[in-house]
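Here the structure is laid out as structure tokens; the discussion comes afterwards.
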Amino acid sequence: MNTFETEIVTRRLINAPRELVYEAWTNPNHLKNWWGPKGFTNTFEQFDLKVGGRWRFVMHGPDKGNYQNECEFTEITPPELLAWQRISKPIFQVVAIFEEVGLNKTNLIFKMVFDSPEECNKLKTFVVDKNEENLDKLEDELKKMS
């Protein structure tokens with residue numbers, strides 16, 4: 001099985017320094033403002049940024065749905081990498097890689113890694129567009145931060 005069958009990868013070149021992009025992902029005061037697709041908001045219940053630490057939050061959908069999420073951080077390498085394992089369903093790993101490509105440019109690689117092609121395919125049809133919406137919101141938050 002190749003990784004293409006079990007991964008959803010979103011890439012974006014962001015016009016902001018790597019440290020600032022990393023901060024937007026690791027500071028809950030910023031992360032809560034942009035995490036999730038267009039129209040979603042968040043209530044963070046726990047954000048313990050350390051390996052083995054938990055991130056528990058509720059995503060509030062524009063359709064008034066509330067979606068409980070729980071994750072465990074598995075790797076943290078500032079300002080290069082952030083990874084976690086979802087504990088709530090759907091189960092998958094997330095790896096965010098922050099590559100410095102210039103003074104004020106960051107290449108962001110956002111990977112969702114599933115245990116099987118079947119699990120990946122369940123989400124792939126709609127997650128690709130939703131991840132782009134998520135990164136649009138990240139760019140809006142970065143403008144407010146700089």
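Residues are referred to by chain and number: the chain letter is A, B, ... according to the order shown in the structure tokens, the number counts from 1 in that chain, and ligands are numbered separately from 1 in the order shown.
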- Task: Would you list the contacts of stretch 67-78 of chain A as a PyMOL selection string, taking every protein, DNA or RNA residue within 12 Å and counting only C-alpha atoms, but skipping same-chain residues closer than 5 positions in sequence?
- Result: chain A and resi 18-23+25-26+35-36+40-62+83-99
- Message: as a PyMOL selection string, please: every residue in chain A that DSSP puts in strand (DSSP E or B).
- Response: chain A and resi 7-14+41-47+54-60+66-77+81-86+93-102+105-113
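Nearest-residue note for A:Leu82: choosing from A:Asn33, A:Ile109, A:Pro117, A:Ile8, the minimum distance belongs to A:Ile109, counting only C-alpha atoms.
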- Length of the atom CA of A:Thr106 to atom CA of A:Asn121 vector [Å]: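 Rounded to one decimal, the two atoms are 28.7 Å apart.
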- Nearest candidate to A:Leu135 (options A:Thr3, A:Asn29, A:Thr10, A:Asn66; using only C-alpha atoms):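 Among the listed residues, A:Thr10 lies closest to A:Leu135.
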- Interatomic distance between atom CA of A:Thr125 and atom CA of A:Lys64? 22.3 Å
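Taking atom CA of A:Ala16 and atom CA of A:Val128 as endpoints, the distance between them is 22.6 Å.
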- Task: Mind checking which residues fall within 8 Å of A:Ala24, counting only C-alpha atoms, ignoring those fewer than 4 positions away in the same chain, and posting them as a list in words?
- Result: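 Close residues of A:Ala24: Leu20, Pro28, His30, Leu31, Leu138, Glu141 and Leu142 of chain A.
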For the selection you just gave me, I'd like the residues written to a file as a short mmCIF file (atom, residue, chain, number, x, y, z; two decimals), in the first residue's frame, keeping N, CA, C and O atoms.
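Below is the file that was written, result_4.cif:
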```cif
data_model
loop_
_atom_site.label_atom_id
_atom_site.label_comp_id
_atom_site.auth_asym_id
_atom_site.auth_seq_id
_atom_site.Cartn_x
_atom_site.Cartn_y
_atom_site.Cartn_z
N LEU A 20 5.96 32.72 13.09
CA LEU A 20 4.61 33.25 13.25
C LEU A 20 3.56 32.21 12.87
O LEU A 20 2.55 32.05 13.56
N PRO A 28 -3.16 28.60 21.67
CA PRO A 28 -4.61 28.39 21.60
C PRO A 28 -5.42 29.66 21.42
O PRO A 28 -6.52 29.62 20.88
N HIS A 30 -4.79 31.96 19.35
CA HIS A 30 -4.86 32.16 17.90
C HIS A 30 -5.54 30.97 17.21
O HIS A 30 -6.38 31.15 16.34
N LEU A 31 -5.15 29.77 17.62
CA LEU A 31 -5.66 28.56 16.98
C LEU A 31 -7.19 28.49 17.02
O LEU A 31 -7.83 28.14 16.03
N LEU A 138 -6.52 30.50 8.44
CA LEU A 138 -5.19 30.66 9.03
C LEU A 138 -4.54 31.92 8.48
O LEU A 138 -3.99 32.73 9.24
N GLU A 141 -5.93 34.97 10.07
CA GLU A 141 -5.45 35.13 11.45
C GLU A 141 -4.00 35.66 11.44
O GLU A 141 -3.66 36.51 12.25
N LEU A 142 -3.18 35.16 10.54
CA LEU A 142 -1.79 35.61 10.46
C LEU A 142 -1.71 37.11 10.14
O LEU A 142 -0.84 37.80 10.66
#
```
